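Asks: Next comes final24.csv, CSV, C-alpha atoms and all ligand atoms:
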chain,number,residue,atom,x,y,z
H,1,MET,CA,121.6,143.5,127.0
H,2,ARG,CA,118.9,145.6,128.7
H,3,VAL,CA,120.6,148.0,131.0
H,4,LEU,CA,118.9,150.2,133.6
H,5,VAL,CA,121.1,153.2,134.5
H,6,THR,CA,119.9,154.9,137.7
H,7,GLY,CA,121.2,158.5,138.0
H,8,GLY,CA,121.9,158.4,134.3
H,9,ALA,CA,121.1,162.2,133.9
H,10,GLY,CA,123.9,163.2,136.3
H,11,PHE,CA,127.6,163.7,135.6
H,12,ILE,CA,129.1,160.2,135.7
H,13,GLY,CA,125.8,158.4,134.8
H,14,ALA,CA,125.2,160.5,131.7
H,15,ASN,CA,128.8,160.0,130.5
H,16,PHE,CA,128.3,156.3,131.1
H,17,VAL,CA,125.2,156.3,128.9
H,18,LEU,CA,127.0,158.3,126.1
H,19,ARG,CA,130.1,156.0,126.2
H,20,THR,CA,128.0,152.9,126.3
H,21,LEU,CA,126.1,154.0,123.1
H,22,GLU,CA,129.6,154.4,121.5
H,23,THR,CA,131.3,151.2,122.7
H,24,ARG,CA,128.3,148.8,123.1
H,25,PRO,CA,125.8,149.9,120.4
H,26,ASP,CA,123.6,146.8,121.0
H,27,ALA,CA,122.8,147.8,124.6
H,28,GLN,CA,119.2,148.8,125.3
H,29,ILE,CA,119.5,151.6,127.8
H,30,THR,CA,116.8,152.9,130.2
H,31,VAL,CA,117.7,155.8,132.5
H,32,LEU,CA,115.8,156.1,135.8
H,33,ASP,CA,116.5,159.6,137.3
H,34,LYS,CA,114.7,161.8,139.8
H,35,PHE,CA,116.1,164.9,138.0
H,36,THR,CA,117.1,166.6,141.1
H,37,TYR,CA,119.0,169.9,140.9
H,38,ALA,CA,122.1,167.8,140.0
H,39,ALA,CA,120.6,166.5,136.7
H,40,ASN,CA,120.8,168.5,133.5
H,41,PRO,CA,117.9,167.5,131.2
H,42,HIS,CA,119.9,168.8,128.2
H,43,THR,CA,122.7,166.3,128.5
H,44,LEU,CA,120.8,163.3,127.1
H,45,GLU,CA,118.8,165.3,124.6
H,46,PRO,CA,121.0,164.5,121.6
H,47,VAL,CA,120.5,160.7,122.3
H,48,ALA,CA,116.8,160.9,123.2
H,49,GLY,CA,115.8,158.6,120.4
H,50,ARG,CA,118.3,155.9,121.5
H,51,VAL,CA,117.6,155.9,125.3
H,52,THR,CA,114.4,155.5,127.3
H,53,VAL,CA,114.3,158.1,130.1
H,54,VAL,CA,112.0,157.6,133.1
H,55,ARG,CA,111.7,160.3,135.7
H,56,GLY,CA,111.4,158.7,139.1
H,57,ASP,CA,113.0,158.0,142.5
H,58,ILE,CA,115.2,154.9,143.2
H,59,GLY,CA,113.4,154.9,146.6
H,60,ASP,CA,110.0,154.4,145.0
H,61,ALA,CA,109.5,150.6,144.7
H,62,ALA,CA,106.4,151.0,142.5
H,63,VAL,CA,108.6,152.8,139.8
H,64,VAL,CA,111.7,150.7,140.4
H,65,ASP,CA,110.3,147.2,140.4
H,66,PRO,CA,108.8,147.0,136.8
H,67,LEU,CA,112.0,148.6,135.4
H,68,VAL,CA,114.2,146.1,137.2
H,69,ALA,CA,111.9,143.3,136.1
H,70,GLU,CA,112.6,144.0,132.5
H,71,SER,CA,116.4,144.6,132.8
H,72,ASP,CA,119.4,142.2,132.6
H,73,LEU,CA,121.7,144.6,134.5
H,74,VAL,CA,121.2,147.6,136.8
H,75,VAL,CA,124.1,150.1,137.2
H,76,ASN,CA,123.4,152.4,140.2
H,77,PHE,CA,124.8,155.9,139.8
H,78,ALA,CA,121.9,157.6,141.6
H,79,ALA,CA,123.0,159.4,144.7
H,80,GLU,CA,123.1,162.7,146.4
H,81,SER,CA,126.8,163.4,145.6
H,82,HIS,CA,128.0,166.7,147.1
H,83,ASN,CA,129.8,166.9,150.4
H,84,ASP,CA,129.1,170.6,151.0
H,85,ASN,CA,125.3,170.0,150.5
H,86,SER,CA,125.4,167.0,152.9
H,87,LEU,CA,126.9,169.4,155.6
H,88,ARG,CA,124.1,171.9,155.1
H,89,ASP,CA,121.2,169.3,155.0
H,90,PRO,CA,121.9,165.6,155.3
H,91,SER,CA,118.3,164.4,155.0
H,92,SER,CA,118.2,163.7,151.2
H,93,PHE,CA,121.5,161.8,151.5
H,94,VAL,CA,120.0,159.4,154.0
H,95,THR,CA,116.9,159.0,151.9
H,96,THR,CA,118.5,158.5,148.5
H,97,ASN,CA,121.9,156.9,149.3
H,98,LEU,CA,120.6,154.5,152.0
H,99,VAL,CA,116.8,154.0,151.5
H,100,GLY,CA,117.2,154.3,147.7
H,101,THR,CA,119.9,151.7,147.6
H,102,TYR,CA,117.9,149.4,149.9
H,103,THR,CA,114.9,149.7,147.5
H,104,LEU,CA,117.0,148.8,144.5
H,105,LEU,CA,118.5,145.8,146.4
H,106,GLU,CA,115.1,144.5,147.3
H,107,SER,CA,114.0,144.7,143.7
H,108,VAL,CA,117.1,143.1,142.2
H,109,ARG,CA,116.8,140.4,144.8
H,110,ARG,CA,113.1,139.8,143.8
H,111,HIS,CA,114.0,139.5,140.1
H,112,ASP,CA,117.5,138.0,140.4
H,113,THR,CA,118.9,140.9,138.3
H,114,ARG,CA,122.6,141.6,138.2
H,115,LEU,CA,123.6,144.9,140.0
H,116,HIS,CA,126.7,147.0,139.8
H,117,HIS,CA,126.8,149.6,142.6
H,118,ILE,CA,128.9,152.8,142.0
H,119,SER,CA,130.6,154.1,145.1
H,120,THR,CA,133.5,156.4,146.2
H,121,ASP,CA,136.9,156.2,147.8
H,122,GLU,CA,135.6,158.6,150.5
H,123,VAL,CA,134.1,155.6,152.4
H,124,TYR,CA,137.7,155.0,153.6
H,125,GLY,CA,138.1,158.4,155.2
H,126,ASP,CA,141.3,160.3,154.6
H,127,LEU,CA,145.1,159.9,154.6
H,128,ALA,CA,147.8,162.3,155.9
H,129,LEU,CA,149.7,164.2,153.3
H,130,ASP,CA,153.0,162.4,154.2
H,131,ASP,CA,151.4,158.9,154.5
H,132,PRO,CA,152.9,156.6,151.9
H,133,ALA,CA,149.7,154.5,152.1
H,134,ARG,CA,147.0,154.4,149.6
H,135,PHE,CA,143.5,152.9,149.9
H,136,THR,CA,143.1,149.2,148.9
H,137,GLU,CA,140.1,146.8,148.9
H,138,GLU,CA,141.2,145.8,152.4
H,139,THR,CA,141.2,149.3,153.9
H,140,ALA,CA,138.7,149.7,156.8
H,141,TYR,CA,135.7,152.0,156.2
H,142,ASN,CA,136.0,155.3,158.1
H,143,PRO,CA,133.9,157.9,156.4
H,144,SER,CA,133.9,161.5,157.6
H,145,SER,CA,130.8,163.3,156.2
H,146,PRO,CA,127.1,162.7,155.9
H,147,TYR,CA,127.7,162.1,152.2
H,148,SER,CA,130.5,159.6,152.6
H,149,SER,CA,128.9,157.8,155.6
H,150,THR,CA,125.7,157.3,153.6
H,151,LYS,CA,127.7,156.0,150.7
H,152,ALA,CA,129.6,153.7,153.1
H,153,GLY,CA,126.2,152.5,154.4
H,154,SER,CA,125.0,151.8,150.9
H,155,ASP,CA,128.0,149.7,150.2
H,156,LEU,CA,127.5,147.7,153.3
H,157,LEU,CA,123.8,147.1,152.4
H,158,VAL,CA,125.0,145.7,149.0
H,159,ARG,CA,127.5,143.4,150.7
H,160,ALA,CA,124.9,142.2,153.2
H,161,TRP,CA,122.4,141.5,150.4
H,162,VAL,CA,125.1,139.5,148.5
H,163,ARG,CA,125.9,137.4,151.5
H,164,SER,CA,122.5,136.9,153.0
H,165,PHE,CA,120.3,136.7,149.9
H,166,GLY,CA,122.7,135.7,147.2
H,167,VAL,CA,122.2,139.0,145.2
H,168,ARG,CA,124.4,139.1,142.2
H,169,ALA,CA,126.3,142.3,142.7
H,170,THR,CA,129.7,144.0,142.4
H,171,ILE,CA,130.8,147.3,143.9
H,172,SER,CA,133.4,149.8,142.7
H,173,ASN,CA,134.9,152.7,144.7
H,174,CYS,CA,136.4,155.4,142.5
H,175,SER,CA,138.4,158.5,143.2
H,176,ASN,CA,137.5,162.0,142.1
H,177,ASN,CA,136.2,162.3,138.5
H,178,TYR,CA,136.6,165.1,136.1
H,179,GLY,CA,135.4,165.7,132.5
H,180,PRO,CA,132.4,167.1,130.7
H,181,TYR,CA,128.9,167.5,132.1
H,182,GLN,CA,130.0,167.8,135.8
H,183,HIS,CA,127.8,170.1,137.8
H,184,VAL,CA,129.3,173.6,138.5
H,185,GLU,CA,129.1,173.0,142.3
H,186,LYS,CA,132.1,170.7,142.1
H,187,LEU,CA,135.8,171.9,142.4
H,188,ILE,CA,136.9,171.8,138.7
H,189,PRO,CA,133.8,173.1,136.9
H,190,ARG,CA,133.2,175.7,139.6
H,191,GLN,CA,136.6,177.2,139.2
H,192,ILE,CA,136.6,177.0,135.4
H,193,THR,CA,133.2,178.7,135.2
H,194,ASN,CA,134.2,181.2,137.9
H,195,VAL,CA,137.1,182.4,135.7
H,196,LEU,CA,134.8,182.4,132.6
H,197,THR,CA,132.3,184.6,134.4
H,198,GLY,CA,134.9,187.0,136.0
H,199,ILE,CA,134.8,185.5,139.5
H,200,ARG,CA,138.0,184.6,141.3
H,201,PRO,CA,138.3,180.9,142.0
H,202,LYS,CA,137.6,179.8,145.6
H,203,VAL,CA,140.0,177.5,147.5
H,204,TYR,CA,139.1,175.9,150.8
H,205,GLY,CA,141.5,176.0,153.8
H,206,ASP,CA,145.2,176.0,152.8
H,207,GLY,CA,144.5,174.5,149.4
H,208,ARG,CA,146.9,171.5,150.1
H,209,ASN,CA,144.1,168.9,150.3
H,210,VAL,CA,144.9,166.2,147.8
H,211,ARG,CA,142.4,164.5,145.4
H,212,ASP,CA,143.3,161.5,143.1
H,213,TRP,CA,141.8,162.6,139.8
H,214,ILE,CA,140.5,160.3,137.1
H,215,HIS,CA,138.8,161.1,133.8
H,216,VAL,CA,135.2,160.1,133.8
H,217,ASP,CA,135.6,157.9,130.7
H,218,ASP,CA,138.4,156.0,132.4
H,219,HIS,CA,136.0,155.4,135.4
H,220,ASN,CA,133.2,154.3,133.1
H,221,ASP,CA,135.5,151.9,131.1
H,222,ALA,CA,136.5,150.4,134.4
H,223,VAL,CA,132.9,150.0,135.4
H,224,TRP,CA,132.2,148.0,132.2
H,225,THR,CA,135.4,145.9,132.8
H,226,ILE,CA,134.1,145.0,136.3
H,227,ILE,CA,130.6,144.2,134.9
H,228,GLU,CA,132.0,142.0,132.2
H,229,ARG,CA,135.0,140.4,134.0
H,230,GLY,CA,134.6,141.1,137.7
H,231,GLU,CA,133.8,138.4,140.3
H,232,LEU,CA,130.3,138.5,141.8
H,233,GLY,CA,130.2,139.8,145.4
H,234,GLU,CA,133.5,141.5,145.0
H,235,THR,CA,134.7,145.1,145.4
H,236,TYR,CA,137.1,146.9,143.1
H,237,LEU,CA,138.9,150.2,143.6
H,238,ILE,CA,139.2,152.5,140.5
H,239,GLY,CA,141.9,155.1,140.3
H,240,ALA,CA,144.4,156.5,137.8
H,241,ASP,CA,147.4,157.6,140.0
H,242,GLY,CA,146.3,161.2,139.7
H,243,GLU,CA,147.1,162.8,143.0
H,244,VAL,CA,147.1,166.6,142.8
H,245,ASP,CA,146.5,169.2,145.5
H,246,ASN,CA,143.6,171.6,145.1
H,247,ARG,CA,145.8,174.7,144.8
H,248,THR,CA,147.7,173.2,142.0
H,249,VAL,CA,144.5,172.3,140.2
H,250,VAL,CA,143.2,175.9,140.5
H,251,GLU,CA,146.6,177.4,139.4
H,252,THR,CA,146.6,175.1,136.4
H,253,ILE,CA,143.0,176.1,135.4
H,254,LEU,CA,144.0,179.8,135.8
H,255,ARG,CA,147.1,179.4,133.6
H,256,GLN,CA,145.1,177.4,131.0
H,257,LEU,CA,142.6,180.3,130.8
H,258,GLY,CA,145.4,182.9,130.5
H,259,GLN,CA,145.1,184.3,134.0
H,260,PRO,CA,147.9,184.8,136.6
H,261,ALA,CA,148.2,181.6,138.7
H,262,ASP,CA,147.7,183.5,142.0
H,263,ALA,CA,144.3,185.1,140.9
H,264,PHE,CA,142.3,183.0,143.4
H,265,ASP,CA,140.8,183.5,146.9
H,266,PHE,CA,141.1,181.4,150.0
H,267,VAL,CA,137.7,180.9,151.6
H,268,THR,CA,136.4,179.3,154.8
H,269,ASP,CA,137.4,175.6,155.0
H,270,ARG,CA,134.8,172.8,154.7
H,271,PRO,CA,134.0,171.4,158.1
H,272,GLY,CA,135.7,168.0,158.6
H,273,HIS,CA,137.5,168.4,155.3
H,274,ASP,CA,139.2,165.2,154.3
H,275,ARG,CA,143.0,165.8,153.7
H,276,ARG,CA,144.0,163.3,151.1
H,277,TYR,CA,142.5,160.5,149.0
H,278,ALA,CA,144.8,158.0,147.1
H,279,ILE,CA,143.7,154.8,145.4
H,280,ASP,CA,145.8,151.7,144.8
H,281,SER,CA,144.0,150.1,141.8
H,282,THR,CA,146.4,147.1,141.5
H,283,ARG,CA,143.6,144.6,141.8
H,284,LEU,CA,141.6,146.0,138.9
H,285,ARG,CA,144.7,146.3,136.7
H,286,THR,CA,146.2,142.9,137.4
H,287,GLU,CA,143.1,140.7,137.8
H,288,LEU,CA,140.8,142.4,135.2
H,289,GLY,CA,143.4,144.0,132.9
H,290,TRP,CA,142.0,147.6,133.1
H,291,SER,CA,144.3,150.6,132.7
H,292,PRO,CA,143.5,154.3,132.3
H,293,ARG,CA,143.8,156.1,128.9
H,294,TYR,CA,143.9,159.6,130.3
H,295,THR,CA,147.3,159.6,132.0
H,296,ASP,CA,148.2,163.3,131.4
H,297,PHE,CA,146.1,165.2,133.9
H,298,ASP,CA,147.0,168.6,132.6
H,299,ALA,CA,145.9,167.6,129.1
H,300,GLY,CA,142.7,166.1,130.4
H,301,LEU,CA,142.0,169.3,132.4
H,302,ALA,CA,142.8,171.5,129.3
H,303,ALA,CA,140.2,169.5,127.3
H,304,THR,CA,137.7,169.9,130.2
H,305,VAL,CA,138.4,173.7,130.3
H,306,ASP,CA,137.7,173.8,126.5
H,307,TRP,CA,134.4,171.8,127.0
H,308,TYR,CA,133.1,174.4,129.5
H,309,ARG,CA,134.3,177.3,127.3
H,310,ASN,CA,132.3,175.8,124.4
H,311,HIS,CA,129.2,174.8,126.3
H,312,ARG,CA,128.1,177.9,128.2
H,313,ASP,CA,124.4,177.1,127.5
H,314,TRP,CA,124.8,173.9,129.4
H,315,TRP,CA,126.0,175.5,132.7
H,316,GLU,CA,125.2,179.3,132.6
H,317,PRO,CA,121.5,178.9,133.8
H,318,VAL,CA,122.5,177.4,137.1
H,319,LYS,CA,125.8,179.2,137.8
H,320,ALA,CA,124.5,182.3,139.6
H,321,GLY,CA,122.3,180.2,141.9
H,322,VAL,CA,125.2,178.0,142.9
H,323,GLU,CA,127.5,180.9,143.7
H,324,ALA,CA,124.7,182.7,145.7
H,325,SER,CA,124.3,179.5,147.8
H,326,TYR,CA,128.0,179.2,148.4
H,327,ALA,CA,128.2,182.8,149.4
H,328,THR,CA,125.9,182.2,152.4
H,329,THR,CA,128.5,179.9,154.1
H,330,GLN,CA,131.9,180.8,152.5
H,331,ARG,CA,133.9,183.9,153.5
H,332,VAL,CA,136.9,185.2,151.6
H,333,LEU,CA,140.0,185.0,153.9
H,334,ASN,CA,142.8,186.7,152.0
Z,1,LIG,P1,125.6,163.7,140.3
Z,1,LIG,O1,125.1,164.4,141.5
Z,1,LIG,O2,126.2,164.5,139.2
Z,1,LIG,O3,124.4,162.9,139.7
Z,1,LIG,C1,123.5,162.1,140.5
Z,1,LIG,C2,122.3,161.8,139.7
Z,1,LIG,O4,121.4,161.0,140.5
Z,1,LIG,C3,121.5,163.0,139.2
Z,1,LIG,O5,121.1,162.9,137.9
Z,1,LIG,C4,120.3,163.0,140.2
Z,1,LIG,O6,119.1,163.6,139.6
Z,1,LIG,C5,120.1,161.5,140.4
Z,1,LIG,N1,119.4,161.2,141.6
Z,1,LIG,C6,119.6,161.8,142.8
Z,1,LIG,N2,118.7,161.3,143.7
Z,1,LIG,C7,118.0,160.3,143.0
Z,1,LIG,C8,116.9,159.4,143.4
Z,1,LIG,N3,116.5,159.4,144.7
Z,1,LIG,N4,116.4,158.6,142.5
Z,1,LIG,C9,116.9,158.7,141.2
Z,1,LIG,N5,117.8,159.5,140.8
Z,1,LIG,C10,118.4,160.3,141.7
Z,1,LIG,O7,126.6,162.7,140.8
Z,1,LIG,P2,127.9,162.0,140.1
Z,1,LIG,O8,129.1,162.8,140.4
Z,1,LIG,O9,127.5,161.7,138.7
Z,1,LIG,O10,128.0,160.7,140.9
Z,1,LIG,C11,127.4,159.5,140.5
Z,1,LIG,C12,127.8,158.3,141.5
Z,1,LIG,O11,129.2,158.2,141.5
Z,1,LIG,C13,127.4,158.6,142.9
Z,1,LIG,O12,127.0,157.4,143.5
Z,1,LIG,C14,128.7,159.1,143.6
Z,1,LIG,O13,128.7,158.7,144.9
Z,1,LIG,C15,129.7,158.3,142.8
Z,1,LIG,N6,131.0,158.8,142.7
Z,1,LIG,C16,131.2,160.1,142.3
Z,1,LIG,C17,132.5,160.6,142.1
Z,1,LIG,C18,132.8,162.0,141.6
Z,1,LIG,O14,133.9,162.4,141.6
Z,1,LIG,N7,131.8,162.7,141.1
Z,1,LIG,C19,133.6,159.8,142.5
Z,1,LIG,C20,133.4,158.5,142.9
Z,1,LIG,C21,132.1,158.0,143.0
Z,2,LIG,O1,135.0,175.6,145.6
Z,2,LIG,C1,135.6,174.7,146.0
Z,2,LIG,N1,136.9,174.9,146.5
Z,2,LIG,C2,137.6,173.9,147.0
Z,2,LIG,O2,138.8,174.1,147.5
Z,2,LIG,C3,135.1,173.3,146.0
Z,2,LIG,C4,133.7,173.1,145.5
Z,2,LIG,C5,135.9,172.3,146.5
Z,2,LIG,N2,137.1,172.6,147.0
Z,2,LIG,C6,137.9,171.4,147.5
Z,2,LIG,C7,137.3,170.5,148.5
Z,2,LIG,C8,137.9,169.1,148.1
Z,2,LIG,O3,139.2,169.1,148.8
Z,2,LIG,O4,138.3,170.7,146.4
Z,2,LIG,C9,138.2,169.3,146.6
Z,2,LIG,C10,137.2,168.6,145.7
Z,2,LIG,O5,135.9,169.1,146.2
Z,2,LIG,P1,134.6,168.5,145.5
Z,2,LIG,O6,134.6,168.8,144.0
Z,2,LIG,O7,133.5,169.0,146.3
Z,2,LIG,O8,134.8,166.9,145.6
Z,2,LIG,P2,135.0,166.0,146.9
Z,2,LIG,O9,134.4,166.5,148.1
Z,2,LIG,O10,136.4,165.5,146.9
Z,2,LIG,O11,134.1,164.7,146.4
Z,2,LIG,C11,134.1,164.3,145.0
Z,2,LIG,O12,134.8,163.2,144.8
Z,2,LIG,C12,134.4,162.0,145.4
Z,2,LIG,C13,132.6,164.1,144.6
Z,2,LIG,O13,131.8,165.2,144.8
Z,2,LIG,C14,132.0,162.9,145.3
Z,2,LIG,O14,130.7,162.6,144.8
Z,2,LIG,C15,132.9,161.7,145.1
Z,2,LIG,O15,132.5,160.6,145.9
Rewrite the coordinates I just gave you, this time as C-alpha cells.

Replies:
Amino acid sequence: MRVLVTGGAGFIGANFVLRTLETRPDAQITVLDKFTYAANPHTLEPVAGRVTVVRGDIGDAAVVDPLVAESDLVVNFAAESHNDNSLRDPSSFVTTNLVGTYTLLESVRRHDTRLHHISTDEVYGDLALDDPARFTEETAYNPSSPYSSTKAGSDLLVRAWVRSFGVRATISNCSNNYGPYQHVEKLIPRQITNVLTGIRPKVYGDGRNVRDWIHVDDHNDAVWTIIERGELGETYLIGADGEVDNRTVVETILRQLGQPADAFDFVTDRPGHDRRYAIDSTRLRTELGWSPRYTDFDAGLAATVDWYRNHRDWWEPVKAGVEASYATTQRVLN
C-alpha cells in the first residue's frame, strides 16, 4: 500500500511513520511536510532510506496533487497544533487547518483516494470538572480557541466532501497525546525539559484543568484500526481513559526526576482555557475491537521522561527560544 503521511515530521505523524515501518513493513511511505517550527528534521533521519520525504505545503495543490495521484491512502496529520500559538496569531491556523484540508480534499476527490483525517477532542469544547459526561461521537461541536475551531472546521469540510462528493474518508478525534518526539512547547515535554535545564515547571491557572492522556502509539494503532476496519464516512473517538489534572502531571514529573513535588510555579492562565476533556471510546472498542496497551499513565510518563533525558540533542536547540517566547506572555503568580 502506498501511504501519503501529511505532517509526518511532527510529533504524532513521525511516530505514525516509525510505528508503521515496524508493524506494516510492506507499506511504501511518503511524507509531505512543510517543516514548520513544529517539525524536527532529525526525527526521521534514521529511516531516511525507507521513507520518501517531500518538503511542501498541504495548501499547495501543485505539490499535493501528484503525490495524492500516486497514493492509495492519505493520512492527514498536518496542522498547526498549539493552542497558545493560535491565541497569539491565528492566521496560519486558518490557512493550514482549513485551506490546507480543503486542498487535500479536492485532490482526494479528483483521484478517488482514501483519506483518514486526524482530529482532536477539542472540537467538542470542554466539560465541567464535576460533570459525569464524556465526549461521544454524538456530542455537538463547540470549540473554544482559534486552534480548535479551525480543527472543527476541517472536520466539517471532510464530512461535507463525504456527503456531497462521495469522498472515501474517515475521521478520528483523539485526546491529548504524550510520548517521544513531542515539541517542547507542549505541557509534558515542556515541564520535563524545564526540570532538566534547571527551570521550574509552569502551571497555568489553578492547575486543576483535566486532560485525558493517551500514549501516541495507542493513538496510532487506533488510526490503523480505523483505516483497516472503520466504516467510510464515519467518525471515531480515540481515548484511553487517562483523565489527570495538570498539577498532578507536573507533580509526577517532578517526583520522577527526583525533585520536590511542589517545585513548580503558577503562571498566568491561558485565555479561554478549556477546563476538562474526557473521551468515551466505546464505539472504537466495541465495533472495531481496539484497546490501548499503555494503561499505566505513570509508567508511560516515566518512559517519556527517560526519553527526553536520553535525547537532549533532539530538543536542546529549540528549548531556549520556546521559553523566551512564553516569557513574553506568561507571568509567575506565586
Ligand atoms: P505537530 O505540531 O507536532 O506536527 C504538525 C506537523 O505538521 C509538523 O511537522 C508541521 O511541520 C506540519 N505542518 C504544519 N503546517 C503544514 C502545512 N501547511 N503543510 C504541510 N505540513 C504542515 O502536531 P501533532 O501534535 O503531531 O498533531 C498532529 C495532528 O494530530 C494534528 O492534526 C492535531 O490537531 C492532531 N491531534 C493532536 C493531539 C496532541 O495531543 N498532540 C491530540 C489530538 C489530535
Ligand atoms: O506550560 C504549560 N502549562 C500548563 O499548565 C503548558 C504548555 C500547558 N499547560 C496546560 C494547558 C492545558 O490545560 O496543560 C494542558 C495541556 O496543554 P497543551 O500541551 O498545550 O495541550 P492542549 O492545549 O490540551 O492541546 C493538546 O491536546 C489536544 C494538543 O496541543 C492539541 O494539538 C490536541 O488537539

Asks: How far is it from atom O1 of ligand LIG 2 (chain Z) to CA of Val305 in chain H, in Å with one decimal?

Replies: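 CA of Val305 in chain H lies at a distance of 15.8 Å from atom O1 of ligand LIG 2 (chain Z).
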
Asks: Quick one: everything within 8 Å of Asn83 in chain H, counting all atoms listed in the file, minus sequence neighbours fewer than 6 positions away in the same chain. Send it as a PDB file with C-alpha atoms, in the coordinates of the input.

Replies:
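File result-v9.pdb, as written:
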ATOM      1  CA  SER H 145     130.800 163.300 156.200  1.00  0.00           C
ATOM      2  CA  PRO H 146     127.100 162.700 155.900  1.00  0.00           C
ATOM      3  CA  TYR H 147     127.700 162.100 152.200  1.00  0.00           C
ATOM      4  CA  SER H 148     130.500 159.600 152.600  1.00  0.00           C
TER       5      SER H 148
END

Asks: Which residue gives the smallest distance to Arg2 in chain H among H:Thr95, H:Thr329, H:Thr101, H:Thr113, with only C-alpha atoms counted?

Replies: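 When distances to Arg2 in chain H are compared using only C-alpha atoms, the smallest one comes from H:Thr113.
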
Asks: Name the residues, by chain letter and number, that sit within 8 Å of ligand LIG 1 (chain Z) using all atoms listed in the file, and give them as a PyMOL selection string.

Replies: chain H and resi 6-14+32-40+55-59+76-82+92+95-97+100+117-122+148+151+173-178+182-183

Asks: Find the residues around range 225-228 of chain H up to 7 Å (all atoms listed in the file counted), leave out those fewer than 4 positions away in its own chain, and share them as a PyMOL selection string.

Replies: chain H and resi 116+221+288+290

Asks: Around (124.3, 143.0, 151.4) in the file's frame, which residues reach within 12 Å when counting all atoms listed in the file? Return as a tab-separated table (two decimals) with C-alpha atoms, in the coordinates of the input?

Replies:
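Produced file result.tsv, reproduced below:
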chain	number	residue	atom	x	y	z
H	101	THR	CA	119.90	151.70	147.60
H	102	TYR	CA	117.90	149.40	149.90
H	104	LEU	CA	117.00	148.80	144.50
H	105	LEU	CA	118.50	145.80	146.40
H	106	GLU	CA	115.10	144.50	147.30
H	108	VAL	CA	117.10	143.10	142.20
H	109	ARG	CA	116.80	140.40	144.80
H	115	LEU	CA	123.60	144.90	140.00
H	117	HIS	CA	126.80	149.60	142.60
H	153	GLY	CA	126.20	152.50	154.40
H	154	SER	CA	125.00	151.80	150.90
H	155	ASP	CA	128.00	149.70	150.20
H	156	LEU	CA	127.50	147.70	153.30
H	157	LEU	CA	123.80	147.10	152.40
H	158	VAL	CA	125.00	145.70	149.00
H	159	ARG	CA	127.50	143.40	150.70
H	160	ALA	CA	124.90	142.20	153.20
H	161	TRP	CA	122.40	141.50	150.40
H	162	VAL	CA	125.10	139.50	148.50
H	163	ARG	CA	125.90	137.40	151.50
H	164	SER	CA	122.50	136.90	153.00
H	165	PHE	CA	120.30	136.70	149.90
H	166	GLY	CA	122.70	135.70	147.20
H	167	VAL	CA	122.20	139.00	145.20
H	168	ARG	CA	124.40	139.10	142.20
H	169	ALA	CA	126.30	142.30	142.70
H	170	THR	CA	129.70	144.00	142.40
H	171	ILE	CA	130.80	147.30	143.90
H	233	GLY	CA	130.20	139.80	145.40
H	234	GLU	CA	133.50	141.50	145.00

Asks: Which one of H:Asp126, H:Asp262, H:Asp306, H:Asp26 sits closest to ligand LIG 2 (chain Z) if you count all atoms listed in the file?

Replies: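 So, comparing all the options, the nearest one is H:Asp126.
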
Asks: Quick one, how far is CA of Asn334 in chain H from CA of Val195 in chain H?

Replies: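 Value for the CA of Asn334 in chain H-CA of Val195 in chain H distance: 17.8 Å.
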
Asks: H:Asp241, H:Glu185, H:Asp89, H:Glu323: which is nearest Arg211 in chain H, counting all atoms listed in the file?

Replies: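 Using all atoms listed in the file, Arg211 in chain H sits closest to H:Asp241.
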
Asks: I'd like the contact shell of Asn194 in chain H - 10 Å cut-off, all atoms listed in the file, skipping same-chain residues fewer than 4 positions apart - returned as an NGL selection string.

Replies: :H and (184 or 188-190 or 198-202 or 264 or 319-320 or 323)

Asks: From the set H:Ala62, H:Ala48, H:Leu333, H:Val250, which residue has the shortest atom-to-atom contact distance to ligand LIG 2 (chain Z), counting only C-alpha atoms and all ligand atoms?

Replies: H:Val250

Asks: Ranking H:Pro90, H:Gly179, H:Pro132, H:Gly207 by minimum distance to ligand LIG 2 (chain Z) and counting only C-alpha atoms and all ligand atoms, which one comes first?

Replies: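 Smallest distance to ligand LIG 2 (chain Z) is found for H:Gly207.
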